[in-house]
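Shown next, in structure tokens, is the structure this report addresses.
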There are 2 protein chains.
Amino acid sequence: MAHTCEYPRPALTVDCVVFGFDGTGLQVLAIRRGIEPFLGSWALPGGFVRMDEDLESAARRELEEETGLRDVFLEQLYTFGAPDRDPRGRVVSVAWFALVRPDRHPAKGDTDASDATWFEVGRLPALAFDHDLILRAALDRLRGKIRYQPVGFELLPKRFTLTQLQDLYEAILGRPVDKRNFRKKLLAFDFLVPLDEFTGGAHRPARLHRFDRRKYDAHLKRGFLFEL
Amino acid sequence: MAHTCEYPRPALTVDCVVFGFDGTGLQVLAIRRGIEPFLGSWALPGGFVRMDEDLESAARRELEEETGLRDVFLEQLYTFGAPDRDPRGRVVSVAWFALVRPDRHPAKGDTDASDATWFEVGRLPALAFDHDLILRAALDRLRGKIRYQPVGFELLPKRFTLTQLQDLYEAILGRPVDKRNFRKKLLAFDFLVPLDEFTGGAHRPARLHRFDRRKYDAHLKRGFLFEL
DNA sequence: GCAAAAGTGTTTATGTTACACCCATGT
DNA sequence: ACATGGGTGTAACATAAACACTTTTGC
């Protein structure tokens, strides 16, 4: 296996925009940088791609190393390569976005290395490098995607109430949604399965549901579109 | 500006999937490779990213060098980085897709270097590297995109007939479209402007139209969606 | 005058929106 | 018994789908 040494090479990193949902607002995970440049600033989790490593593997590895998160929904977002985006020199970054269920959220100080912290989207400090730009791109993608792919379920516990689901949609879309129409539409699909389990709590118990990926995939193959 | 030399670096390339439309079928531009590896095979136009160069600039530069094409619609597609995708070693490629109007198609042998040739999608020879995979991703993207963004106009001359537009949609979507409903829907938007010019030819002349990007952008800002 | 492509409306079915009250539980 | 969030149906409206014939031109 010959090497391609004829050209100088940019360094290559991965960065992850990790979204979570706490029942009220959409959240993003940031870590405090422990080294220069931008020492002490907040940044997206990420790091250098190894020579023998798939890009997705690199993203998953960095995510686990820096936040303790494993087995999350992960999708490639965009590759950022402005020549001056890193003060250390030419660094191209393949950005990813991840969706994490609340029961998997790392507690504060959960992992050794991590000052990983959840921030409400919109109450986020300025980020290092061009990470504000990356975050913006991830948000746009999420808002677009939620409307025609059932990614919302990746942000909720496996069993959830319809009110939780609706709150999530309202948080992401940034506008209110009619309760009756929302339920009618979703339950018309058979991949949202009502369970015979209910929440406890101070008031009337709410029925729990789960997302049936099998049934959803079956619909997909018949060339079907989700939409809202 | 310090260098980040702590890590071995993958080489970085760009590859472009260039789509065209000849009035009947969707086409893709491929070039015959003049060097190893895959010497003599067909491949997507592309090449190495320079150290001081934006990713998009690199894609545009390679496109012009290898096919003579300039000022085309260009959008980042996906970044491919499987460790074994290039026999020369680790090469990560940022893939782009481009749409080209027929009046700008390079004639055969138009540019010096180029054996650039149009192939009907589906009658394409096997491509070098993982370029078949890249092409597939580009096709999926185009088919998805055409339904909610007016990218079709980037594949037609500036002035076009509604039949041409419909033929294009049918070619990309791979299914027939009802003529009356198609026209009704598109003309309901004001960004498709009928002109007082007509085609010549053997039969009844067809009215030419143009796409008014200004009006379309105005609609976009009012939070409007295109949809088929 | 005929072959070939351009152009045009109406009806029906389907999906979307708007909207207000009763229910079950814990305290 | 009351406060809180859970749950339900219908009518008006808008959008999408199905469908066939007339027009204009070149030959």
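Note on naming: chains are A, B, ... as they come in the structure tokens, residues start from 1 per chain, ligands start from 1 in the order shown.
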task: Could you give me, as a count of residues only, each residue of chain A that DSSP assigns to strand (DSSP E) when run on this structure's backbone?
output: 58
task: Skip range 6-19 of chain A itself and residues of its chain fewer than 3 positions away, then list as a VMD selection string all residues within 8 Å of it, counting only C-alpha atoms (C1' of nucleotides).
output: (chain A and resid 26 to 29 44 to 49 55 58 to 59 63 90 to 100 134 to 135 138 155) or (chain B and resid 4 7 9 to 12 48 50 to 51)
Serialized selection, N, CA, C and O atoms, as a short mmCIF file (atom, residue, chain, number, x, y, z; two decimals), in the first residue's frame:
data_model
loop_
_atom_site.label_atom_id
_atom_site.label_comp_id
_atom_site.auth_asym_id
_atom_site.auth_seq_id
_atom_site.Cartn_x
_atom_site.Cartn_y
_atom_site.Cartn_z
N LEU A 26 -35.18 22.10 24.42
CA LEU A 26 -34.14 21.37 23.71
C LEU A 26 -32.79 21.75 24.30
O LEU A 26 -32.53 22.92 24.57
N GLN A 27 -31.93 20.77 24.48
CA GLN A 27 -30.64 21.02 25.11
C GLN A 27 -29.50 20.53 24.25
O GLN A 27 -29.66 19.63 23.43
N VAL A 28 -28.33 21.13 24.48
CA VAL A 28 -27.12 20.74 23.76
C VAL A 28 -26.00 20.51 24.76
O VAL A 28 -25.91 21.20 25.77
N LEU A 29 -25.17 19.56 24.45
CA LEU A 29 -24.08 19.20 25.34
C LEU A 29 -22.80 19.93 24.90
O LEU A 29 -22.43 19.90 23.74
N LEU A 44 -17.89 22.02 21.38
CA LEU A 44 -18.56 20.76 21.10
C LEU A 44 -17.59 19.61 21.36
O LEU A 44 -16.39 19.75 21.11
N PRO A 45 -18.10 18.47 21.82
CA PRO A 45 -17.21 17.33 21.97
C PRO A 45 -16.69 16.88 20.61
O PRO A 45 -17.43 16.91 19.62
N GLY A 46 -15.42 16.49 20.57
CA GLY A 46 -14.83 16.07 19.30
C GLY A 46 -13.34 15.92 19.44
O GLY A 46 -12.79 16.14 20.52
N GLY A 47 -12.68 15.52 18.35
CA GLY A 47 -11.24 15.37 18.39
C GLY A 47 -10.71 14.79 17.10
O GLY A 47 -11.46 14.64 16.13
N PHE A 48 -9.46 14.46 17.09
CA PHE A 48 -8.81 14.05 15.86
C PHE A 48 -9.20 12.64 15.44
O PHE A 48 -9.39 11.75 16.28
N VAL A 49 -9.31 12.47 14.13
CA VAL A 49 -9.61 11.17 13.55
C VAL A 49 -8.32 10.37 13.47
O VAL A 49 -7.29 10.90 13.04
N LEU A 55 -14.94 7.39 9.92
CA LEU A 55 -15.33 8.69 10.46
C LEU A 55 -16.39 8.54 11.55
O LEU A 55 -16.33 9.20 12.58
N ALA A 58 -14.87 7.33 14.70
CA ALA A 58 -14.15 8.41 15.38
C ALA A 58 -15.12 9.26 16.19
O ALA A 58 -14.86 9.60 17.35
N ALA A 59 -16.26 9.58 15.58
CA ALA A 59 -17.25 10.40 16.28
C ALA A 59 -17.75 9.67 17.53
O ALA A 59 -17.84 10.25 18.61
N LEU A 63 -17.11 10.79 21.41
CA LEU A 63 -18.30 11.02 22.22
C LEU A 63 -18.21 10.24 23.52
O LEU A 63 -18.49 10.76 24.61
N ARG A 90 -4.40 24.34 9.46
CA ARG A 90 -5.51 23.82 8.67
C ARG A 90 -6.11 22.58 9.32
O ARG A 90 -5.44 21.54 9.39
N VAL A 91 -7.32 22.71 9.78
CA VAL A 91 -8.02 21.58 10.38
C VAL A 91 -9.42 21.51 9.78
O VAL A 91 -10.21 22.44 9.91
N VAL A 92 -9.71 20.41 9.13
CA VAL A 92 -11.04 20.20 8.56
C VAL A 92 -11.82 19.31 9.53
O VAL A 92 -11.28 18.34 10.06
N SER A 93 -13.09 19.68 9.78
CA SER A 93 -13.87 18.91 10.74
C SER A 93 -15.15 18.36 10.14
O SER A 93 -15.94 19.09 9.55
N VAL A 94 -15.33 17.06 10.29
CA VAL A 94 -16.58 16.42 9.89
C VAL A 94 -17.51 16.48 11.09
O VAL A 94 -17.24 15.88 12.13
N ALA A 95 -18.61 17.24 10.94
CA ALA A 95 -19.53 17.44 12.06
C ALA A 95 -20.65 16.41 12.02
O ALA A 95 -21.10 16.01 10.95
N TRP A 96 -21.10 15.99 13.20
CA TRP A 96 -22.16 14.99 13.34
C TRP A 96 -23.21 15.53 14.28
O TRP A 96 -22.91 16.39 15.11
N PHE A 97 -24.43 15.04 14.13
CA PHE A 97 -25.35 15.37 15.21
C PHE A 97 -25.92 14.12 15.81
O PHE A 97 -26.14 13.11 15.13
N ALA A 98 -26.10 14.19 17.14
CA ALA A 98 -26.51 13.03 17.91
C ALA A 98 -27.77 13.37 18.69
O ALA A 98 -27.99 14.52 19.07
N LEU A 99 -28.61 12.35 18.89
CA LEU A 99 -29.82 12.50 19.70
C LEU A 99 -29.75 11.50 20.84
O LEU A 99 -29.46 10.32 20.62
N VAL A 100 -30.02 11.97 22.06
CA VAL A 100 -29.83 11.14 23.24
C VAL A 100 -31.10 11.08 24.07
O VAL A 100 -31.72 12.11 24.35
N ILE A 134 -21.50 25.48 13.53
CA ILE A 134 -21.85 24.07 13.44
C ILE A 134 -23.16 23.80 14.16
O ILE A 134 -24.05 23.10 13.66
N LEU A 135 -23.30 24.41 15.33
CA LEU A 135 -24.53 24.25 16.11
C LEU A 135 -25.75 24.75 15.33
O LEU A 135 -26.78 24.09 15.25
N ALA A 138 -26.71 22.31 12.79
CA ALA A 138 -27.35 21.14 13.38
C ALA A 138 -28.79 21.43 13.75
O ALA A 138 -29.69 20.61 13.54
N LEU A 155 -35.23 11.17 21.23
CA LEU A 155 -35.00 12.15 22.30
C LEU A 155 -35.88 11.89 23.51
O LEU A 155 -35.84 12.63 24.49
N THR B 4 -0.26 21.52 13.80
CA THR B 4 -0.77 20.38 14.57
C THR B 4 -0.20 19.12 13.97
O THR B 4 -0.82 18.47 13.16
N TYR B 7 -0.59 14.24 15.08
CA TYR B 7 -1.32 13.09 14.56
C TYR B 7 -0.98 12.86 13.10
O TYR B 7 -0.78 13.80 12.35
N ARG B 9 -2.02 12.26 9.38
CA ARG B 9 -3.20 12.86 8.76
C ARG B 9 -3.65 12.08 7.53
O ARG B 9 -2.83 11.79 6.67
N PRO B 10 -4.95 11.86 7.43
CA PRO B 10 -5.47 11.32 6.16
C PRO B 10 -5.28 12.35 5.06
O PRO B 10 -5.22 13.55 5.33
N ALA B 11 -5.17 11.90 3.84
CA ALA B 11 -5.22 12.84 2.72
C ALA B 11 -6.67 13.26 2.50
O ALA B 11 -7.60 12.53 2.87
N LEU B 12 -6.87 14.43 1.92
CA LEU B 12 -8.23 14.95 1.76
C LEU B 12 -8.50 15.31 0.31
O LEU B 12 -7.74 16.05 -0.31
N PHE B 48 -7.28 16.42 -5.02
CA PHE B 48 -6.83 16.77 -3.67
C PHE B 48 -7.12 18.23 -3.31
O PHE B 48 -7.05 19.12 -4.16
N ARG B 50 -6.18 21.65 -1.59
CA ARG B 50 -4.94 22.35 -1.28
C ARG B 50 -4.97 22.91 0.13
O ARG B 50 -6.03 23.09 0.72
N MET B 51 -3.82 23.21 0.61
CA MET B 51 -3.65 23.55 2.01
C MET B 51 -4.35 24.85 2.42
O MET B 51 -4.77 25.01 3.55
#
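Near chain A, within 10 Å and using only C-alpha atoms (C1' of nucleotides), the residues of chain D are DA3, DT4, DG5, DG6, DG7, DT8 and DG9 of chain D.
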Just need the residues of chain C within 7 Å of chain B, counting only C-alpha atoms (C1' of nucleotides), so spit them out as a PDB file with C-alpha atoms (C1' of nucleotides), in the first residue's frame.
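Output file selection30.pdb follows:
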ATOM      1  C1'  DA C   4     -47.961  15.703 -32.936  1.00  0.00           C
ATOM      2  C1'  DA C   5     -47.512  18.266 -28.992  1.00  0.00           C
ATOM      3  C1'  DA C   6     -49.726  22.319 -26.213  1.00  0.00           C
TER       4       DA C   6
END
Nearest candidate to DA17 in chain D (options B:Val72, B:Val177, B:Leu208, B:Leu187; using only C-alpha atoms (C1' of nucleotides)): B:Val177
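C1' of DT10 in chain C is positioned 26.0 Å from CA of Gln164 in chain B.
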message: Which residues are near range 123-133 of chain B? Cut-off 7 Å, only C-alpha atoms (C1' of nucleotides), ignore same chain within fewer than 2 positions. Put them as an MDAnalysis selection string.
response: chainID B and resid 38 41:44 85:86 119:121 135:137
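By only C-alpha atoms (C1' of nucleotides), and with residues fewer than 5 positions from His209 in chain B along its chain excluded, the set lying at most 8 Å from it is B:Arg159, B:Phe160, B:Thr161, B:Leu162, B:Leu192, B:Val193, B:Pro194, B:Leu195.
You will find CA of Gly68 in chain A at 20.2 Å from CA of Gly40 in chain A.
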- request: Just the residues within 10 Å of DT17 in chain C, please, counting only C-alpha atoms (C1' of nucleotides), with nothing from its chain fewer than 6 positions along; format it as a ChimeraX atom specification.
  value: /A:178,181 /D:12-14
field: range 120-199 of chain A: residues DSSP assigns to alpha helix (DSSP H), reported as a PyMOL selection string
entry: chain A and resi 131-145+162-173+179-188
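Minimum atom-to-atom distances from A:Arg33, A:Arg88, A:Arg222, A:Arg143 to chain B were compared using only C-alpha atoms, and the lowest value belongs to A:Arg88.
CA of Tyr78 in chain A lies 7.6 Å from CA of Gln76 in chain B.
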